[in-house]
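Asks: Below is the file run-v1.txt, with compact mmCIF, C-alpha atoms.
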# COMPACT_ATOMS: atom_id res chain seq x y z
CA MET A 289 -35.99 -17.68 -47.22
CA ARG A 290 -37.34 -14.16 -46.78
CA LEU A 291 -36.07 -11.89 -44.01
CA SER A 292 -38.27 -9.95 -41.63
CA SER A 293 -38.77 -6.26 -42.30
CA THR A 294 -36.53 -5.35 -39.32
CA ALA A 295 -33.71 -7.60 -40.52
CA GLN A 296 -34.01 -6.27 -44.08
CA PHE A 297 -33.77 -2.69 -42.82
CA LEU A 298 -30.72 -3.41 -40.65
CA VAL A 299 -28.93 -5.30 -43.42
CA CYS A 300 -29.66 -2.74 -46.14
CA SER A 301 -28.61 0.07 -43.82
CA GLY A 302 -25.28 -1.63 -43.12
CA LEU A 303 -25.98 -1.72 -39.36
CA PHE A 304 -25.55 -5.45 -38.90
CA VAL A 305 -22.37 -6.45 -37.03
CA ALA A 306 -21.32 -9.69 -35.42
CA ALA A 307 -22.21 -10.28 -31.80
CA ARG A 308 -18.54 -10.79 -30.90
CA PRO A 309 -16.45 -8.89 -33.46
CA SER A 310 -12.81 -9.82 -33.91
CA LEU A 311 -9.96 -7.45 -33.20
CA THR A 312 -9.92 -6.27 -36.84
CA ALA A 313 -13.67 -6.32 -37.51
CA GLY A 314 -14.17 -2.66 -36.59
CA PRO A 315 -11.72 -0.96 -38.99
CA LEU A 316 -12.40 -3.46 -41.80
CA LEU A 317 -16.14 -3.11 -41.43
CA ASP A 318 -15.91 0.66 -41.54
CA GLN A 319 -14.03 0.47 -44.86
CA LEU A 320 -16.31 -2.16 -46.41
CA PRO A 321 -18.70 -0.77 -49.07
CA GLN A 322 -22.44 -1.36 -48.87
CA ASN A 323 -22.49 -4.13 -51.48
CA GLY A 324 -19.72 -5.93 -49.57
CA VAL A 325 -21.80 -5.83 -46.38
CA GLN A 326 -24.80 -7.34 -48.18
CA SER A 327 -22.65 -10.01 -49.87
CA ALA A 328 -21.10 -11.08 -46.55
CA PHE A 329 -24.54 -11.37 -45.01
CA GLN A 330 -25.90 -13.49 -47.89
CA ILE A 331 -22.85 -15.81 -47.85
CA LEU A 332 -23.22 -16.44 -44.13
CA ARG A 333 -26.93 -17.15 -44.53
CA ARG A 334 -26.16 -19.65 -47.32
CA ASP A 335 -22.85 -21.39 -46.48
CA TYR A 336 -22.23 -20.99 -42.72
CA ILE A 337 -21.89 -24.43 -41.07
CA ARG A 338 -24.53 -23.51 -38.47
CA ARG A 339 -26.78 -21.54 -40.74
CA ASP A 340 -29.84 -23.01 -39.06
CA ASP A 341 -28.82 -21.09 -35.92
CA LEU A 342 -29.13 -17.80 -37.82
CA THR A 343 -32.82 -17.38 -37.19
CA PHE A 344 -34.63 -14.09 -37.70
CA GLU A 345 -34.68 -13.55 -33.94
CA GLU A 346 -30.93 -14.20 -33.62
CA LEU A 347 -30.15 -11.89 -36.53
CA ASN A 348 -32.21 -9.08 -35.05
CA ARG A 349 -30.60 -9.51 -31.62
CA ALA A 350 -27.12 -9.50 -33.16
CA ALA A 351 -27.95 -6.41 -35.17
CA LEU A 352 -29.28 -4.58 -32.09
CA GLN A 353 -26.26 -5.60 -30.01
CA GLY A 354 -23.86 -4.38 -32.67
CA LEU A 355 -25.76 -1.13 -33.04
CA LEU A 356 -25.64 -0.44 -29.28
CA GLU A 357 -21.91 -1.21 -29.24
CA ARG A 358 -21.33 1.29 -32.02
CA LEU A 359 -23.40 3.99 -30.29
CA HIS A 360 -21.40 3.42 -27.08
CA PHE A 361 -23.11 5.37 -24.25
CA GLY A 362 -25.46 7.11 -26.71
CA ALA A 363 -27.96 4.25 -26.28
CA SER A 364 -28.24 1.27 -23.94
CA LEU A 365 -30.66 -1.27 -22.53
CA GLN A 366 -31.53 -0.72 -18.88
CA PRO A 367 -33.55 -2.79 -16.41
CA VAL A 368 -36.88 -1.40 -15.37
CA VAL A 369 -36.73 -0.31 -11.75
CA GLN A 370 -40.05 -1.04 -10.06
CA HIS A 371 -39.46 1.20 -7.03
CA ASP A 372 -37.13 4.03 -7.94
CA VAL A 373 -35.63 5.60 -4.81
CA PRO A 374 -35.42 9.39 -5.21
CA THR A 375 -31.90 10.80 -5.04
CA GLU A 376 -31.33 13.17 -2.14
CA PRO A 377 -29.54 16.40 -3.15
CA ASN A 378 -26.33 17.15 -1.31
CA VAL A 379 -23.57 19.78 -1.63
CA HIS A 380 -20.32 19.39 0.29
CA SER A 381 -18.59 22.64 1.20
CA GLU A 382 -15.72 23.48 3.56
CA PHE A 383 -12.38 25.29 3.83
CA LEU A 384 -9.34 23.10 3.16
CA ALA A 385 -7.04 26.04 4.00
CA PRO A 386 -7.68 29.44 5.60
CA ASP A 387 -8.55 31.02 2.23
CA VAL A 388 -9.13 27.96 -0.03
CA ALA A 389 -12.72 26.71 -0.29
CA TYR A 390 -13.83 23.29 -1.55
CA LEU A 391 -17.25 22.75 -3.14
CA ARG A 392 -18.70 19.47 -4.43
CA PRO A 393 -22.25 18.85 -5.76
CA ASP A 394 -22.96 15.14 -5.34
CA THR A 395 -26.12 14.31 -7.32
CA PHE A 396 -27.35 17.20 -9.55
CA ALA A 397 -30.82 16.12 -8.40
CA PRO A 398 -33.76 18.57 -8.17
CA GLY A 399 -33.13 21.09 -5.41
CA GLU A 400 -29.34 20.82 -5.49
CA GLY A 401 -28.94 24.07 -7.43
CA GLN A 402 -30.37 26.08 -4.55
CA LEU A 403 -28.15 24.26 -2.05
CA PHE A 404 -25.15 25.02 -4.26
CA GLU A 405 -26.01 28.73 -4.44
CA LYS A 406 -26.43 28.96 -0.67
CA ALA A 407 -23.16 27.10 0.03
CA LEU A 408 -21.17 29.27 -2.39
CA ALA A 409 -22.61 32.48 -0.93
CA ASP A 410 -21.63 31.29 2.56
CA LEU A 411 -18.05 30.61 1.42
CA VAL A 412 -17.80 34.07 -0.13
CA GLU A 413 -19.13 35.64 3.07
CA LYS A 414 -16.38 33.84 5.00
CA GLN A 415 -13.72 35.51 2.81
CA ALA A 416 -12.82 32.64 0.49
CA LYS A 417 -10.16 33.75 -1.99
CA GLN A 418 -9.68 30.52 -3.98
CA LEU A 419 -12.29 27.95 -5.00
CA ILE A 420 -11.90 24.26 -5.90
CA LEU A 421 -15.03 22.92 -7.63
CA ASP A 422 -15.16 19.10 -7.66
CA LEU A 423 -17.42 17.69 -10.41
CA ARG A 424 -16.27 14.06 -10.26
CA SER A 425 -19.14 12.48 -8.34
CA ALA A 426 -20.35 9.26 -9.95
CA THR A 427 -24.10 9.71 -10.18
CA THR A 428 -26.96 9.42 -12.65
CA ALA A 429 -27.39 11.69 -15.66
CA GLY A 430 -28.43 14.60 -13.44
CA VAL A 431 -30.77 17.44 -14.30
CA PHE A 432 -29.55 20.16 -16.66
CA ASP A 433 -31.84 22.70 -14.98
CA GLU A 434 -29.80 22.23 -11.79
CA ALA A 435 -26.57 22.64 -13.78
CA ALA A 436 -27.94 25.95 -15.11
CA LEU A 437 -28.70 27.15 -11.55
CA MET A 438 -25.10 26.37 -10.56
CA LEU A 439 -23.63 28.03 -13.66
CA GLN A 440 -25.43 31.31 -13.13
CA CYS A 441 -23.53 31.63 -9.83
CA PHE A 442 -20.42 32.29 -11.97
CA LEU A 443 -21.67 34.02 -15.16
CA PRO A 444 -23.09 37.53 -15.65
CA GLU A 445 -26.83 38.07 -15.68
CA GLY A 446 -28.41 37.82 -19.13
CA GLN A 447 -25.56 35.75 -20.63
CA LEU A 448 -26.30 32.63 -22.66
CA MET A 449 -24.88 29.61 -20.85
CA PHE A 450 -25.76 26.73 -23.19
CA LYS A 451 -28.47 25.32 -25.49
CA MET A 452 -30.29 22.01 -25.66
CA LYS A 453 -31.03 20.82 -29.20
CA GLN A 454 -33.86 18.27 -29.28
CA MET A 455 -34.02 15.90 -32.22
CA GLY A 456 -37.04 16.60 -34.40
CA ARG A 457 -37.31 20.24 -33.32
CA ASN A 458 -36.06 23.24 -35.24
CA GLU A 459 -35.59 25.52 -32.25
CA ALA A 460 -33.20 24.86 -29.40
CA GLU A 461 -33.91 25.43 -25.71
CA PHE A 462 -31.84 28.37 -24.38
CA PHE A 463 -30.46 28.51 -20.83
CA ILE A 464 -29.71 32.13 -19.85
CA SER A 465 -28.33 33.38 -16.54
CA LYS A 466 -31.05 35.10 -14.52
CA ARG A 467 -29.05 36.53 -11.63
CA ALA A 468 -25.87 38.38 -10.78
CA PRO A 469 -22.86 36.12 -10.21
CA ILE A 470 -21.69 35.19 -6.73
CA TRP A 471 -18.14 34.18 -7.71
CA THR A 472 -16.34 36.18 -10.40
CA GLN A 473 -12.79 34.89 -9.97
CA GLU A 474 -11.07 31.89 -11.52
CA VAL A 475 -12.18 28.41 -10.46
CA ILE A 476 -10.13 25.22 -10.16
CA VAL A 477 -12.45 22.54 -11.62
CA LEU A 478 -11.79 18.83 -11.00
CA VAL A 479 -13.09 16.45 -13.73
CA ASP A 480 -12.76 12.83 -14.85
CA ASP A 481 -14.73 10.22 -16.79
CA ASP A 482 -17.06 9.71 -13.80
CA ALA A 483 -18.58 13.18 -14.25
CA CYS A 484 -22.27 12.96 -15.15
CA PRO A 485 -23.66 14.87 -18.18
CA ALA A 486 -24.91 17.75 -16.01
CA ALA A 487 -21.55 18.08 -14.24
CA GLU A 488 -19.74 17.94 -17.57
CA ALA A 489 -21.96 20.76 -18.81
CA VAL A 490 -20.85 23.00 -15.92
CA ALA A 491 -17.18 22.25 -16.62
CA ALA A 492 -17.56 22.82 -20.39
CA CYS A 493 -19.30 26.18 -19.98
CA LEU A 494 -16.77 27.48 -17.44
CA LYS A 495 -13.92 26.37 -19.69
CA ALA A 496 -15.52 28.01 -22.75
CA LYS A 497 -15.80 31.29 -20.82
CA GLY A 498 -12.11 31.12 -19.85
CA GLN A 499 -13.03 31.20 -16.18
CA SER A 500 -11.67 27.84 -15.04
CA VAL A 501 -8.56 25.68 -14.86
CA LEU A 502 -9.46 22.02 -15.43
CA VAL A 503 -7.50 19.47 -13.39
CA GLY A 504 -7.92 15.69 -13.64
CA SER A 505 -8.53 13.36 -16.57
CA LYS A 506 -10.54 13.50 -19.80
CA THR A 507 -14.32 13.36 -19.54
CA ARG A 508 -16.58 11.02 -21.53
CA GLY A 509 -18.24 13.65 -23.69
CA ALA A 510 -21.77 12.64 -22.66
CA MET A 511 -23.42 16.07 -22.53
CA VAL A 512 -26.78 14.76 -23.74
CA ARG A 513 -30.27 14.40 -22.32
CA PHE A 514 -31.51 10.81 -22.24
CA THR A 515 -35.01 9.51 -22.89
CA ASP A 516 -36.26 6.18 -21.50
CA VAL A 517 -38.72 4.05 -23.49
CA ARG A 518 -40.10 0.89 -21.91
CA LEU A 519 -39.78 -2.15 -24.22
CA ASP A 520 -41.36 -4.74 -21.93
CA ASP A 521 -41.96 -5.33 -18.23
CA ALA A 522 -38.25 -5.81 -17.48
CA THR A 523 -36.31 -3.80 -20.09
CA MET A 524 -36.27 -0.22 -21.30
CA LEU A 525 -34.28 1.54 -24.01
CA ARG A 526 -32.33 4.61 -22.93
CA TYR A 527 -31.06 6.80 -25.75
CA ALA A 528 -29.70 10.32 -26.24
CA SER A 529 -32.53 12.49 -27.55
CA ALA A 530 -31.16 16.02 -26.96
CA GLU A 531 -27.62 17.38 -27.26
CA LEU A 532 -26.04 20.23 -25.32
CA LEU A 533 -24.47 22.95 -27.45
CA LEU A 534 -22.21 25.72 -26.23
CA PRO A 535 -23.02 29.32 -27.17
CA ASP A 536 -20.86 29.02 -30.31
CA ASP A 537 -22.89 25.90 -31.34
CA SER A 538 -19.92 23.60 -30.66
CA SER A 539 -20.43 20.19 -29.08
CA THR A 540 -18.22 17.81 -27.11
CA PHE A 541 -20.42 14.74 -27.62
CA ARG A 542 -18.16 11.65 -27.70
CA LYS A 543 -15.14 13.98 -27.65
CA GLY A 544 -14.91 14.96 -24.01
CA LEU A 545 -13.07 17.75 -22.25
CA GLU A 546 -9.28 17.80 -22.07
CA PRO A 547 -7.96 19.07 -18.70
CA HIS A 548 -5.32 21.77 -18.54
CA TYR A 549 -3.39 19.71 -15.95
CA PHE A 550 -3.65 15.95 -16.51
CA LEU A 551 -3.81 13.99 -13.25
CA VAL A 552 -5.25 10.51 -12.70
CA GLY A 553 -6.22 9.15 -9.31
CA SER A 554 -7.75 5.90 -8.15
CA THR A 555 -11.47 5.79 -8.95
CA GLU A 556 -12.11 3.31 -6.15
CA ASP A 557 -10.31 5.47 -3.57
CA LYS A 558 -12.14 8.57 -4.79
CA ARG A 559 -15.55 6.96 -4.32
CA LYS A 560 -14.58 5.75 -0.85
CA VAL A 561 -13.42 9.25 0.08
CA PHE A 562 -16.63 10.85 -1.20
CA ALA A 563 -18.73 8.35 0.75
CA GLY A 564 -16.62 8.77 3.90
CA SER A 565 -16.62 12.58 3.77
CA ARG A 566 -20.36 13.01 3.21
CA GLY A 567 -21.59 15.01 6.16
CA LYS A 568 -18.04 15.17 7.53
CA SER A 569 -14.74 16.73 6.42
CA MET A 570 -12.38 16.08 3.50
CA LYS A 571 -9.31 17.09 5.50
CA PRO A 572 -8.50 13.58 6.86
CA PHE A 573 -8.22 12.42 3.24
CA VAL A 574 -6.25 15.44 2.01
CA MET A 575 -3.86 16.34 4.83
CA ASP A 576 -1.06 13.86 5.53
CA ARG A 577 -1.22 12.26 8.94
CA VAL A 578 2.03 12.79 10.92
CA ARG A 579 3.15 10.43 13.69
CA PRO A 580 3.67 12.28 17.02
CA ARG A 581 7.28 13.15 17.80
CA PHE A 582 9.20 14.35 20.84
CA ASN A 583 9.09 18.11 20.38
CA GLU A 584 8.85 21.24 22.50
CA ALA A 585 5.15 20.72 23.23
CA ALA A 586 5.83 17.19 24.45
CA LEU A 587 8.72 18.47 26.56
CA VAL A 588 6.47 21.04 28.24
CA SER A 589 3.74 18.49 28.92
CA GLY A 590 6.24 15.96 30.21
CA ASP A 591 5.37 13.31 27.63
CA ASN A 592 7.51 11.41 25.15
CA PRO A 593 5.31 9.97 22.37
CA GLU A 594 8.29 8.26 20.74
CA VAL A 595 8.98 6.21 23.90
CA ASP A 596 5.27 5.39 24.24
CA ALA A 597 5.17 4.24 20.62
CA TYR A 598 8.28 2.10 21.14
CA VAL A 599 6.75 0.42 24.20
CA ARG A 600 3.48 -0.32 22.39
CA LYS A 601 5.34 -1.65 19.39
CA SER A 602 7.51 -3.91 21.57
CA GLN A 603 4.33 -5.31 23.13
CA GLY A 604 2.92 -6.13 19.70
CA GLN A 605 0.22 -3.45 19.85
CA PRO A 606 -0.70 -1.54 16.66
CA LEU A 607 0.12 2.15 16.38
CA PRO A 608 -2.15 4.86 14.95
CA GLY A 609 -1.46 5.07 11.23
CA ASP A 610 -0.23 1.49 10.79
CA GLU A 611 -3.31 0.73 8.70
CA GLY A 612 -2.34 3.41 6.18
CA GLN A 613 -4.17 6.53 5.11
CA LEU A 614 -6.83 6.76 2.42
CA ARG A 615 -5.91 9.78 0.28
CA GLU A 616 -7.63 11.77 -2.45
CA VAL A 617 -4.57 12.69 -4.50
CA VAL A 618 -6.37 14.87 -7.07
CA VAL A 619 -7.72 17.21 -4.38
CA GLN A 620 -4.29 17.18 -2.71
CA ARG A 621 -2.55 18.29 -5.92
CA ALA A 622 -5.21 20.90 -6.65
CA LEU A 623 -4.69 22.34 -3.18
CA ASP A 624 -0.93 22.36 -3.76
CA LEU A 625 -1.50 24.17 -7.07
CA VAL A 626 -3.62 26.85 -5.43
CA ARG A 627 -1.23 27.33 -2.53
CA SER A 628 1.87 27.58 -4.70
CA ARG A 629 0.21 30.04 -7.06
CA THR A 630 -0.96 32.19 -4.16
CA MET A 631 2.50 32.16 -2.61
CA LEU A 632 4.34 32.96 -5.84
CA SER A 633 1.93 35.75 -6.74
CA GLY A 634 3.04 37.56 -3.58
CA PHE A 635 6.62 37.85 -4.84
CA LYS A 636 7.57 40.60 -7.25
CA LEU A 637 10.89 40.12 -8.96
CA LYS A 638 12.74 43.27 -10.05
CA TRP A 639 14.42 42.61 -13.38
CA GLU A 640 15.39 46.23 -14.22
CA VAL A 641 19.11 47.06 -13.98
CA ASP A 642 19.95 49.77 -11.48
CA ALA A 643 21.55 52.58 -13.48
CA ALA A 644 23.57 53.72 -10.45
CA GLN A 645 25.40 50.42 -10.42
CA VAL A 646 26.55 50.56 -14.06
CA THR A 647 27.13 54.34 -14.55
CA PRO A 648 30.65 55.47 -13.47
CA PRO A 649 30.94 58.44 -11.11
CA SER A 650 31.20 61.89 -12.65
CA ASP A 651 34.91 62.20 -11.78
CA GLN A 652 35.61 59.06 -13.80
CA ALA A 653 33.40 59.88 -16.74
CA ASP A 654 36.34 61.43 -18.69
CA GLY A 655 37.80 58.01 -19.37
CA GLU A 656 40.61 58.07 -16.76
CA ASP A 657 42.26 54.70 -16.51
CA ILE A 658 42.23 53.14 -13.11
CA PRO A 659 45.04 50.65 -12.52
CA LYS A 660 44.04 47.18 -11.57
CA ALA A 661 44.59 46.13 -8.05
CA VAL A 662 47.48 43.72 -7.56
CA PRO A 663 46.40 40.76 -5.47
CA ALA A 664 48.35 40.53 -2.23
CA LYS A 665 50.53 37.52 -1.65
CA PRO A 666 50.02 36.13 1.81
CA ILE A 667 53.12 35.66 3.97
CA VAL A 668 53.33 32.07 4.99
CA PRO A 669 55.29 31.70 8.26
CA SER A 670 58.01 29.07 8.27
CA PRO A 671 57.39 26.13 10.56
CA PRO A 672 59.28 26.25 13.91
CA GLN A 673 62.60 24.41 13.99
CA PRO A 674 63.30 22.01 16.85
CA PRO A 675 66.22 23.01 19.18
CA THR A 676 69.65 21.51 18.39
CA PRO A 677 70.78 19.19 21.18
CA THR A 678 74.20 19.93 22.84
CA PRO A 679 76.77 17.08 22.52
CA ALA A 680 77.47 15.31 25.82
CA SER A 681 81.33 15.35 25.26
CA SER A 682 81.47 19.15 25.32
CA GLN A 683 79.98 19.36 28.79
CA THR A 684 82.46 19.41 31.79
CA PRO A 685 81.19 17.46 34.72
CA SER A 686 81.12 19.33 37.99
CA ARG A 687 83.05 18.08 40.90
Mind converting the file's structure to structure tokens?

Replies:
Amino acid sequence: MRLSSTAQFLVCSGLFVAARPSLTAGPLLDQLPQNGVQSAFQILRRDYIRRDDLTFEELNRAALQGLLERLHFGASLQPVVQHDVPTEPNVHSEFLAPDVAYLRPDTFAPGEGQLFEKALADLVEKQAKQLILDLRSATTAGVFDEAALMLQCFLPEGQLMFKMKQMGRNEAEFFISKRAPIWTQEVIVLVDDDACPAAEAVAACLKAKGQSVLVGSKTRGAMVRFTDVRLDDATMLRYASAELLLPDDSSTFRKGLEPHYFLVGSTEDKRKVFAGSRGKSMKPFVMDRVRPRFNEAALVSGDNPEVDAYVRKSQGQPLPGDEGQLREVVVQRALDLVRSRTMLSGFKLKWEVDAAQVTPPSDQADGEDIPKAVPAKPIVPSPPQPPTPTPASSQTPSR
């Protein structure tokens, strides 16, 4: 029985893998030579107990499934969306502390780069001294042009930010900063494996320039541009067709970015916090909620919140905070890092030894021996003695 041209190509190329590989199929298959791959395929076609099930269509589907599994996120099958809803750009910005600003691009959709530039300029105008840049929003692939607009807010004008190398083209597409930077200080960048390719590009470029401290977990390494090809009315093939390269031509594809400070939070809680803070504030999810206590302010106002809470609890009524607090721990720890560094940088420790404390006076410089002081022995008073009673026989009774 002759194989189809597609099946012959996949088999000869060694791309055929089982639809459900065993736990050891991956390493063993990687070590198997080409003639071994072809022999295994021929044996299965000849002696497998259900060889009639191995039709040309089934073989091609198994080969395509195995190929997509090996390429991981480099290629995938996606459903065709009949009515694609455009993503609305959004940039969240606020002060989490008097001098600590928080900035989070949510979509990397067209138009978000301008919103990012405006929000960052507003934070700088309001005297922000520290910046936390959150790039962990779970979104689509994003637009690399928007990532370039955000990057040039940090890098000098005329500097190469990154390149895009398209397959089949000899020349790469260069992305160069076209404006003066808005923020020139260090940036605390939050990353994880939810970061989209455009967000990962911003983090990689800032890290390569030595201008950021990465906090969070390792990224996917998906800094590629995807192309969609429609296969039929319901399915399309999405594959990586262009790769982002840093100025030194290095790539993090399928490698990812390693954070400087490794910190893992709950992905589910993070997405809930991002959804709940959109258009609002992040502070309720970052600052710990404290139950009211009887303090000086309550004393002045004549209230006692502790008694009120006790009465409500005795009546079976819930108290504020009983339901728990949804927290974003990664942002909390990043804020703690910034605050502690700012506080410690204000202290200057003096390690030099004061010469006046170790140099003897001039009148003792000739080596005169000074006798050691003899420790004084404290005088311990003896305890008081009780009075001696007078014998009754020695006393003369009066008449």

Asks: How many Å lie between atom CA of Asp422 of chain A and atom CA of Leu359 of chain A, rounded to one decimal?

Replies: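 Distance reported for this atom pair: 28.4 Å.
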
Asks: Mind giving me the straight-line distance from atom CA of Pro386 of chain A to atom CA of Ile420 of chain A in Å, one decimal?

Replies: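 Taking atom CA of Pro386 of chain A and atom CA of Ile420 of chain A, their separation equals 13.3 Å.
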
Asks: I'd like the interatomic distance between atom CA of Arg333 of chain A and atom CA of Pro321 of chain A, to a tenth of an Å.

Replies: 18.9 Å

Asks: Leaving out Pro572 of chain A and any residue of its chain fewer than 6 positions from it, which residues lie within 9 Å of it when counting only C-alpha atoms, given as a PyMOL selection string?

Replies: chain A and resi 565+613-615

Asks: Out of A:Asp596, A:Asp481, A:Glu546, A:Glu616, which residue has the shortest atom-to-atom distance to Lys560 of chain A when counting all atoms listed in the file?

Replies: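 That would be A:Glu616, the residue with the smallest distance to Lys560 of chain A.
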
Asks: Determine, using only C-alpha atoms, which residues of segment 484-589 of chain A have any atom at most 10 Å from an atom of segment 376-380 of chain A, and tabulate each with its shortest atom pair and distance in Å to one decimal place, rows ordered by chain and then rising number, as a tab-separated table.

Replies:
residue	atom	partner	partner_atom	distance
A:Phe562	CA	A:His380	CA	9.4
A:Ser565	CA	A:His380	CA	8.5
A:Arg566	CA	A:His380	CA	7.0
A:Gly567	CA	A:His380	CA	7.4
A:Lys568	CA	A:His380	CA	8.7
A:Ser569	CA	A:His380	CA	8.7
A:Met570	CA	A:His380	CA	9.2

Asks: Kindly indicate which residue among A:Val475, A:Ala483, A:Val517, A:Ala489 lies nearest to Asp433 of chain A, using all atoms listed in the file for the distances.

Replies: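 Smallest distance to Asp433 of chain A is found for A:Ala489.
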
Asks: Give me, as an MDAnalysis selection string, all polymer residues having an atom no more than 8 Å from Gln620 of chain A, counting all atoms listed in the file and skipping those fewer than 3 positions away in the same chain.

Replies: chainID A and resid 574:575 616:617 623:624

Asks: So, with all atoms listed in the file as the atoms that count, which of A:Asp536, A:Glu474, A:Asp482, A:Glu531 lies closest to Asp394 of chain A?

Replies: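 Among A:Asp536, A:Glu474, A:Asp482, A:Glu531, it is A:Asp482 that comes nearest to Asp394 of chain A.
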
Asks: Extract, using only C-alpha atoms, all DNA, RNA and protein residues at most 7 Å from Leu384 of chain A, discarding same-chain residues fewer than 5 positions from it, and format them as a PDB file with C-alpha atoms, keeping the file's coordinate frame.

Replies:
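Just written: selection.pdb:
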ATOM      1  CA  ALA A 389     -12.720  26.710  -0.290  1.00  0.00           C
ATOM      2  CA  TYR A 390     -13.830  23.290  -1.550  1.00  0.00           C
ATOM      3  CA  LYS A 571      -9.310  17.090   5.500  1.00  0.00           C
TER       4      LYS A 571
END

Asks: Which of these residues is nearest to Gly362 of chain A, using all atoms listed in the file: A:Glu413, A:Tyr527, A:Gln322, A:Phe383?

Replies: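 Distance minimum relative to Gly362 of chain A lands on A:Tyr527.
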
Asks: Which is closer to Ala409 of chain A than all the others in A:Val588, A:Ala460, A:Cys441, A:Leu525, using only C-alpha atoms?

Replies: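 Selected residue with least distance to Ala409 of chain A: A:Cys441.
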
Asks: So that I can see what lies close to Leu332 of chain A, please list as a JSON list (two decimals) with C-alpha atoms, in the frame of the given file the residues with an atom at most 12 Å from it, counting all atoms listed in the file and leaving out residues fewer than 5 positions away in the same chain.

Replies:
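Final output, saved to result19.json:
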[["chain", "number", "residue", "atom", "x", "y", "z"],
["A", 306, "ALA", "CA", -21.32, -9.69, -35.42],
["A", 325, "VAL", "CA", -21.80, -5.83, -46.38],
["A", 326, "GLN", "CA", -24.80, -7.34, -48.18],
["A", 327, "SER", "CA", -22.65, -10.01, -49.87],
["A", 337, "ILE", "CA", -21.89, -24.43, -41.07],
["A", 338, "ARG", "CA", -24.53, -23.51, -38.47],
["A", 339, "ARG", "CA", -26.78, -21.54, -40.74],
["A", 340, "ASP", "CA", -29.84, -23.01, -39.06],
["A", 341, "ASP", "CA", -28.82, -21.09, -35.92],
["A", 342, "LEU", "CA", -29.13, -17.80, -37.82],
["A", 343, "THR", "CA", -32.82, -17.38, -37.19],
["A", 347, "LEU", "CA", -30.15, -11.89, -36.53]]

Asks: Please list as an MDAnalysis selection string every residue within 9 Å of Gln366 of chain A, counting all atoms listed in the file and excluding residues in the same chain fewer than 2 positions away.

Replies: chainID A and resid 364 368:369 516 522:526
